[in-house]
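Taking it in order: structure first as structure tokens, then the write-up.
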Amino acid sequence: MVITDGSRLGISATPRRQYSIYSWLASRSWQRHSILCEARDTRPFTLGGTVNDFRPIFGRCQCGTVRFRVDAPAQEMYHCHCSMCRRCHGTLFATYATARREHVVVEQGSDNLETYDSSPDVHRRFCRTCGCHLLLNDDRWPHLQWFTPGTLEAGAHPGHPKDTEKHIFVASKMPWHTLADGLPQFEGFQEDV
């Protein structure tokens, strides 16, 4: 059976009003969004900033039980294709940014963080409630805290210099996955962290 007007599906025949970005900016939604951003100051900052002019950025797990703050720009960002990251995250690769350990602070829910040791040196921390992966510690680099930039609020940029973003362990990537973003690729881990 062909339905021509959509009435049997509960769809209105009259088109929905189209909103422009200008009408959204004038709306209450934008005002509420602006107030929330100012309250947490999670707006992205300019790249190339120093620790002194960096505004803290915030991240959280899916359920909101665990929240963390990053007080300095990330040093580097890695898209890791190793089999452990792929399996732990259930994705083609896991993205991590690094900052000095003292600049990454768990503000809420530290008692809800579970740790999984995926190898003797690597300790992955995730929310016990929702399973969201948030942090990683590697005993080989005790001064660094690895965090997942996909969990940052308000689309905040982790602050790494643009030329430090790279793919690592591409020798372990899924063979059917093509990397076409032009970022540097390393067979294993680039050892100069």
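Just so we're on the same page: first chain in the structure tokens is A, next is B, and so on; residues restart at 1 for each chain, and ligands are numbered from 1 in the order they show up.
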(request) Would you mind listing what lies within 12 Å of Asp111 (chain A) as JSON, numbers by chain, with only C-alpha atoms counted and same-chain residues fewer than 4 positions away left out? (result) {"A": [65, 66, 67, 106, 107, 115, 125, 126, 127, 128, 129]}
(request) Please provide the set of residues having any atom within 12 Å of region 148-154 of chain A, restricted to only C-alpha atoms, with same-chain residues fewer than 3 positions apart removed, written as JSON, numbers by chain. (result) {"A": [33, 34, 36, 37, 38, 40, 41, 42, 43, 44, 45, 56, 57, 58, 59, 60, 61, 62, 63, 64, 66, 67, 68, 69, 70, 73, 74, 76, 77, 78, 79, 80, 85, 89, 93, 94, 95, 96, 97, 98, 99, 104, 124, 125, 126, 127, 132, 133, 134, 135, 136, 137, 145, 157, 158, 159, 160]}
(message) Give me, as a list in words, the residues of region 52-158 of chain A that a backbone DSSP run labels helix (DSSP H, G or I).
(response) Asn52, Asp53, Ser83, Met84, Cys85, Arg86, Arg87, Cys88, His89, Arg101, Glu102, His103, Ser110, Asp111, Asn112, Pro149, Gly150, Thr151, Glu153, Ala154 and Gly155 of chain A
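You will find CA of Val170 (chain A) at 13.4 Å from CA of Gly182 (chain A).
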